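Peer 1: Sharing target-v7.txt below, compact mmCIF, C-alpha atoms:
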```txt
# COMPACT_ATOMS: atom_id res chain seq x y z
CA MET A 1 -15.58 54.03 -14.08
CA ILE A 2 -17.89 51.41 -12.57
CA ALA A 3 -16.56 48.75 -14.96
CA LEU A 4 -12.98 49.54 -13.89
CA ALA A 5 -13.93 49.32 -10.22
CA ALA A 6 -15.63 45.96 -10.81
CA PHE A 7 -12.54 44.66 -12.64
CA LEU A 8 -10.26 45.69 -9.78
CA ILE A 9 -12.48 44.01 -7.23
CA LEU A 10 -12.87 40.79 -9.23
CA ALA A 11 -9.26 40.50 -10.43
CA PRO A 12 -7.59 37.62 -8.57
CA ALA A 13 -4.66 38.50 -6.34
CA SER A 14 -1.28 37.16 -7.31
CA PRO A 15 -0.19 34.26 -5.09
CA PRO A 16 2.45 35.06 -2.48
CA SER A 17 6.10 34.39 -3.22
CA ALA A 18 7.97 31.89 -1.09
CA SER A 19 11.43 30.45 -1.02
CA ILE A 20 11.96 26.76 -1.59
CA GLN A 21 13.63 26.52 1.81
CA ALA A 22 10.67 28.21 3.55
CA VAL A 23 8.25 25.68 2.05
CA ARG A 24 10.48 22.77 3.09
CA GLU A 25 10.87 24.11 6.65
CA ALA A 26 7.14 24.80 7.23
CA PRO A 27 5.15 22.60 4.82
CA ALA A 28 1.94 22.83 6.90
CA ARG A 29 1.96 26.63 6.50
CA TYR A 30 1.87 26.30 2.69
CA ALA A 31 -0.16 23.07 2.34
CA GLY A 32 -2.89 23.46 -0.27
CA LYS A 33 -1.90 27.04 -1.06
CA ARG A 34 -0.79 28.45 -4.40
CA VAL A 35 2.66 30.08 -4.22
CA VAL A 36 5.20 31.62 -6.57
CA LEU A 37 8.69 30.08 -6.51
CA GLN A 38 11.93 30.86 -8.31
CA GLY A 39 14.72 28.38 -8.82
CA TRP A 40 16.76 26.14 -11.07
CA VAL A 41 15.55 23.10 -12.97
CA THR A 42 18.60 21.09 -14.01
CA ARG A 43 16.84 17.97 -15.27
CA CYS A 44 13.29 16.92 -15.97
CA ASN A 45 12.38 13.33 -16.76
CA ALA A 46 9.86 10.71 -15.70
CA LEU A 47 11.59 10.03 -12.37
CA ASP A 48 12.99 13.45 -11.46
CA CYS A 49 11.81 16.98 -12.15
CA ALA A 50 12.37 19.48 -9.38
CA ILE A 51 13.03 23.14 -8.73
CA SER A 52 16.17 23.82 -6.65
CA GLU A 53 17.56 26.88 -4.91
CA THR A 54 20.82 26.76 -6.81
CA GLU A 55 22.05 25.29 -10.07
CA LYS A 56 24.18 22.88 -8.04
CA GLY A 57 21.34 21.71 -5.78
CA GLY A 58 20.36 22.80 -2.30
CA ALA A 59 16.76 22.70 -1.10
CA ARG A 60 14.41 21.37 -3.78
CA LEU A 61 10.75 20.63 -4.42
CA SER A 62 9.50 17.98 -6.83
CA LEU A 63 7.00 18.87 -9.58
CA GLU A 64 4.07 16.53 -10.20
CA PRO A 65 4.30 14.78 -13.58
CA SER A 66 2.74 16.86 -16.36
CA ALA A 67 3.29 16.22 -20.08
CA ARG A 68 2.91 19.95 -20.85
CA VAL A 69 5.28 21.25 -18.17
CA ASP A 70 7.77 18.41 -18.58
CA SER A 71 8.09 19.00 -22.33
CA GLN A 72 8.64 22.72 -21.80
CA LEU A 73 11.28 22.23 -19.13
CA THR A 74 13.08 19.31 -20.78
CA ALA A 75 13.84 21.53 -23.77
CA LEU A 76 15.29 24.28 -21.56
CA VAL A 77 17.32 22.59 -18.83
CA PRO A 78 19.34 23.81 -17.14
CA THR A 79 17.26 26.91 -16.60
CA TRP A 80 16.21 29.33 -13.87
CA ILE A 81 12.44 29.73 -13.79
CA GLU A 82 9.56 31.31 -11.95
CA LEU A 83 6.51 29.12 -11.43
CA GLU A 84 3.18 29.07 -9.66
CA ALA A 85 2.00 25.88 -8.00
CA ILE A 86 -0.09 24.43 -5.19
CA VAL A 87 2.02 22.98 -2.38
CA ASP A 88 1.33 19.38 -1.40
CA PRO A 89 3.29 18.52 1.76
CA VAL A 90 3.67 14.87 0.70
CA CYS A 91 7.19 13.69 1.54
CA LEU A 92 8.13 16.99 3.16
CA ASP A 93 8.02 15.57 6.67
CA ASP A 94 9.49 12.28 7.82
CA GLU A 95 7.79 10.24 5.09
CA VAL A 96 10.21 8.61 2.67
CA CYS A 97 9.31 8.88 -1.00
CA THR A 98 11.05 7.62 -4.09
CA ASP A 99 10.91 8.75 -7.67
CA ARG A 100 8.90 11.92 -8.19
CA PRO A 101 6.56 12.93 -5.34
CA PRO A 102 4.02 15.61 -6.34
CA GLN A 103 5.13 18.27 -3.85
CA LEU A 104 4.14 20.99 -6.35
CA ARG A 105 0.81 20.44 -8.13
CA ASN A 106 -0.97 22.32 -10.92
CA VAL A 107 2.31 23.89 -12.02
CA LEU A 108 2.13 27.01 -14.16
CA LEU A 109 5.42 28.13 -15.70
CA ARG A 110 5.36 31.93 -15.33
CA SER A 111 8.70 32.86 -16.89
CA ILE A 112 12.14 31.73 -17.93
CA LEU A 113 14.55 33.90 -15.99
CA ALA A 114 17.87 32.59 -17.28
CA THR A 115 19.28 29.90 -19.49
CA PRO A 116 22.91 29.19 -20.21
CA ALA A 117 24.26 30.68 -23.42
CA PRO A 118 24.30 28.24 -26.32
CA PRO A 119 27.74 26.88 -27.20
CA GLU A 120 29.56 28.85 -29.86
CA ASP A 121 30.06 27.22 -33.24
CA GLN A 122 33.61 25.96 -33.58
```
As structure tokens, please, write out the structure in this file.
Peer 2:
Amino acid sequence: MIALAAFLILAPASPPSASIQAVREAPARYAGKRVVLQGWVTRCNALDCAISETEKGGARLSLEPSARVDSQLTALVPTWIELEAIVDPVCLDDEVCTDRPPQLRNVLLRSILATPAPPEDQ
């Protein structure tokens, strides 16, 4: 019983969920915090890898370059995912950034929520 109580006290809390739009609208609120996000990744390469609200675009946040995460996502795109990451407000204000700003750092891919069906053999 004591061991169970100790486990419950020491078990880390799951990070809060946030929408991509909420992070973009109030980056200071999320800066440096770990959050859970859901969204679409439609491409992932050296210059562009981001999670978007819809498959067609909308609000998006760029993932920092990571060989592990990039290789996982590249094989699955387009795909709807759930991830955990630390928000870095770089380029979320008036600053102009090119290529792939690390708005989401230390990305952990939690789950693949949907992928398009593979094409049928003809």
Peer 1: Could you make a table, as a tab-separated table, of the residues of range 8-47 of chain A that have an atom within 7 Å of an atom of range 82-106 of chain A, each with its nearest atom pair and distance in Å to one decimal, counting only C-alpha atoms, in chain and number order?
Peer 2:
```
residue	atom	partner	partner_atom	distance
A:Arg24	CA	A:Leu92	CA	6.2
A:Pro27	CA	A:Pro89	CA	5.4
A:Ala28	CA	A:Pro89	CA	6.8
A:Tyr30	CA	A:Val87	CA	6.1
A:Ala31	CA	A:Val87	CA	5.2
A:Gly32	CA	A:Val87	CA	5.4
A:Lys33	CA	A:Ile86	CA	5.2
A:Arg34	CA	A:Ile86	CA	4.2
A:Val35	CA	A:Glu84	CA	5.6
A:Val36	CA	A:Glu84	CA	4.5
A:Leu37	CA	A:Leu83	CA	5.5
A:Gln38	CA	A:Glu82	CA	4.4
A:Gly39	CA	A:Glu82	CA	6.7
A:Leu47	CA	A:Asp99	CA	4.9
```
Peer 1: Which value, in Å to one decimal, gives the distance between CA of Ser14 in chain A and CA of Leu108 in chain A?
Peer 2: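 About the pair CA of Ser14 in chain A and CA of Leu108 in chain A: they are 12.7 Å apart.
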Peer 1: Please indicate the distance in Å from CA of Leu109 in chain A to CA of Asp48 in chain A, rounded to one decimal place.
Peer 2: 17.1 Å
Peer 1: Just the number, please: distance in Å from CA of Leu113 in chain A to CA of Ala46 in chain A, one decimal.
Peer 2: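 So the answer is 23.7 Å.
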Peer 1: Would you kindly return, as a VMD selection string, each protein, DNA or RNA residue with an atom no farther than 9 Å from any atom of Cys44 in chain A, considering all atoms listed in the file and excluding same-chain residues fewer than 3 positions away?
Peer 2: chain A and resid 41 47 to 50 70 to 71 73 to 74 77
Peer 1: Go ahead and dump the residues you just picked, C-alpha atoms, as a PDB file, in the frame of the given file.
Peer 2:
```pdb
ATOM      1  CA  VAL A  41      15.550  23.100 -12.970  1.00  0.00           C
ATOM      2  CA  LEU A  47      11.590  10.030 -12.370  1.00  0.00           C
ATOM      3  CA  ASP A  48      12.990  13.450 -11.460  1.00  0.00           C
ATOM      4  CA  CYS A  49      11.810  16.980 -12.150  1.00  0.00           C
ATOM      5  CA  ALA A  50      12.370  19.480  -9.380  1.00  0.00           C
ATOM      6  CA  ASP A  70       7.770  18.410 -18.580  1.00  0.00           C
ATOM      7  CA  SER A  71       8.090  19.000 -22.330  1.00  0.00           C
ATOM      8  CA  LEU A  73      11.280  22.230 -19.130  1.00  0.00           C
ATOM      9  CA  THR A  74      13.080  19.310 -20.780  1.00  0.00           C
ATOM     10  CA  VAL A  77      17.320  22.590 -18.830  1.00  0.00           C
TER      11      VAL A  77
END
```
Peer 1: I need the residue nearest Ala114 in chain A from this list: A:Ala26, A:Glu55, A:Pro15, A:Val69. Use only C-alpha atoms for the distance.
Peer 2: A:Glu55
Peer 1: Name all residues at most 8 Å from Thr115 in chain A (count only C-alpha atoms; drop same-chain ones fewer than 6 positions away) and give them as a list in words.
Peer 2: Leu76, Val77, Pro78, Thr79 and Trp80 of chain A
Peer 1: Give me the residues within 7 Å of Ile20 in chain A as a list of chain:residue names, counting only C-alpha atoms and dropping any in the same chain fewer than 5 places off.
Peer 2: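 Counting only C-alpha atoms, the residues come to A:Leu37, A:Glu53, A:Ala59, A:Arg60, A:Leu61.
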Peer 1: Could you rebuild range 68-92 of chain A with N, CA and C atoms and give it back as a PDB file, in the coordinates of the input?
Peer 2:
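In the end it all went to part.pdb:
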```pdb
ATOM      1  N   ARG A  68       2.720  18.582 -20.348  1.00  0.00           N
ATOM      2  CA  ARG A  68       2.910  19.950 -20.850  1.00  0.00           C
ATOM      3  C   ARG A  68       4.137  20.607 -20.200  1.00  0.00           C
ATOM      4  N   VAL A  69       4.178  20.601 -18.879  1.00  0.00           N
ATOM      5  CA  VAL A  69       5.280  21.250 -18.170  1.00  0.00           C
ATOM      6  C   VAL A  69       6.593  20.513 -18.413  1.00  0.00           C
ATOM      7  N   ASP A  70       6.557  19.191 -18.357  1.00  0.00           N
ATOM      8  CA  ASP A  70       7.770  18.410 -18.580  1.00  0.00           C
ATOM      9  C   ASP A  70       8.381  18.687 -19.950  1.00  0.00           C
ATOM     10  N   SER A  71       7.554  18.752 -20.983  1.00  0.00           N
ATOM     11  CA  SER A  71       8.090  19.000 -22.330  1.00  0.00           C
ATOM     12  C   SER A  71       8.690  20.395 -22.435  1.00  0.00           C
ATOM     13  N   GLN A  72       8.085  21.369 -21.775  1.00  0.00           N
ATOM     14  CA  GLN A  72       8.640  22.720 -21.800  1.00  0.00           C
ATOM     15  C   GLN A  72       9.996  22.765 -21.089  1.00  0.00           C
ATOM     16  N   LEU A  73      10.059  22.173 -19.918  1.00  0.00           N
ATOM     17  CA  LEU A  73      11.280  22.230 -19.130  1.00  0.00           C
ATOM     18  C   LEU A  73      12.400  21.372 -19.704  1.00  0.00           C
ATOM     19  N   THR A  74      12.066  20.204 -20.208  1.00  0.00           N
ATOM     20  CA  THR A  74      13.080  19.310 -20.780  1.00  0.00           C
ATOM     21  C   THR A  74      13.865  20.009 -21.886  1.00  0.00           C
ATOM     22  N   ALA A  75      13.178  20.822 -22.666  1.00  0.00           N
ATOM     23  CA  ALA A  75      13.840  21.530 -23.770  1.00  0.00           C
ATOM     24  C   ALA A  75      14.731  22.665 -23.298  1.00  0.00           C
ATOM     25  N   LEU A  76      14.585  23.098 -22.041  1.00  0.00           N
ATOM     26  CA  LEU A  76      15.290  24.280 -21.560  1.00  0.00           C
ATOM     27  C   LEU A  76      16.384  24.010 -20.532  1.00  0.00           C
ATOM     28  N   VAL A  77      16.388  22.831 -19.930  1.00  0.00           N
ATOM     29  CA  VAL A  77      17.320  22.590 -18.830  1.00  0.00           C
ATOM     30  C   VAL A  77      18.773  22.665 -19.268  1.00  0.00           C
ATOM     31  N   PRO A  78      19.642  23.188 -18.421  1.00  0.00           N
ATOM     32  CA  PRO A  78      19.340  23.810 -17.140  1.00  0.00           C
ATOM     33  C   PRO A  78      18.802  25.231 -17.327  1.00  0.00           C
ATOM     34  N   THR A  79      17.848  25.590 -16.484  1.00  0.00           N
ATOM     35  CA  THR A  79      17.260  26.910 -16.600  1.00  0.00           C
ATOM     36  C   THR A  79      16.730  27.404 -15.256  1.00  0.00           C
ATOM     37  N   TRP A  80      16.743  28.699 -15.079  1.00  0.00           N
ATOM     38  CA  TRP A  80      16.210  29.330 -13.870  1.00  0.00           C
ATOM     39  C   TRP A  80      14.826  29.838 -14.212  1.00  0.00           C
ATOM     40  N   ILE A  81      13.830  29.424 -13.448  1.00  0.00           N
ATOM     41  CA  ILE A  81      12.440  29.730 -13.790  1.00  0.00           C
ATOM     42  C   ILE A  81      11.694  30.365 -12.619  1.00  0.00           C
ATOM     43  N   GLU A  82      10.538  30.898 -12.954  1.00  0.00           N
ATOM     44  CA  GLU A  82       9.560  31.310 -11.950  1.00  0.00           C
ATOM     45  C   GLU A  82       8.295  30.529 -12.258  1.00  0.00           C
ATOM     46  N   LEU A  83       7.729  29.892 -11.227  1.00  0.00           N
ATOM     47  CA  LEU A  83       6.510  29.120 -11.430  1.00  0.00           C
ATOM     48  C   LEU A  83       5.510  29.399 -10.330  1.00  0.00           C
ATOM     49  N   GLU A  84       4.272  29.034 -10.629  1.00  0.00           N
ATOM     50  CA  GLU A  84       3.180  29.070  -9.660  1.00  0.00           C
ATOM     51  C   GLU A  84       2.743  27.636  -9.471  1.00  0.00           C
ATOM     52  N   ALA A  85       2.449  27.243  -8.238  1.00  0.00           N
ATOM     53  CA  ALA A  85       2.000  25.880  -8.000  1.00  0.00           C
ATOM     54  C   ALA A  85       1.301  25.795  -6.645  1.00  0.00           C
ATOM     55  N   ILE A  86       0.544  24.724  -6.478  1.00  0.00           N
ATOM     56  CA  ILE A  86      -0.090  24.430  -5.190  1.00  0.00           C
ATOM     57  C   ILE A  86       0.822  23.468  -4.446  1.00  0.00           C
ATOM     58  N   VAL A  87       1.124  23.803  -3.197  1.00  0.00           N
ATOM     59  CA  VAL A  87       2.020  22.980  -2.380  1.00  0.00           C
ATOM     60  C   VAL A  87       1.265  21.792  -1.792  1.00  0.00           C
ATOM     61  N   ASP A  88       1.827  20.613  -1.998  1.00  0.00           N
ATOM     62  CA  ASP A  88       1.330  19.380  -1.400  1.00  0.00           C
ATOM     63  C   ASP A  88       2.438  18.902  -0.470  1.00  0.00           C
ATOM     64  N   PRO A  89       2.193  18.835   0.833  1.00  0.00           N
ATOM     65  CA  PRO A  89       3.290  18.520   1.760  1.00  0.00           C
ATOM     66  C   PRO A  89       3.729  17.055   1.757  1.00  0.00           C
ATOM     67  N   VAL A  90       3.261  16.272   0.774  1.00  0.00           N
ATOM     68  CA  VAL A  90       3.670  14.870   0.700  1.00  0.00           C
ATOM     69  C   VAL A  90       5.195  14.790   0.660  1.00  0.00           C
ATOM     70  N   CYS A  91       5.737  13.937   1.487  1.00  0.00           N
ATOM     71  CA  CYS A  91       7.190  13.690   1.540  1.00  0.00           C
ATOM     72  C   CYS A  91       8.010  14.880   2.017  1.00  0.00           C
ATOM     73  N   LEU A  92       7.367  15.859   2.626  1.00  0.00           N
ATOM     74  CA  LEU A  92       8.130  16.990   3.160  1.00  0.00           C
ATOM     75  C   LEU A  92       8.332  16.857   4.664  1.00  0.00           C
TER      76      LEU A  92
END
```
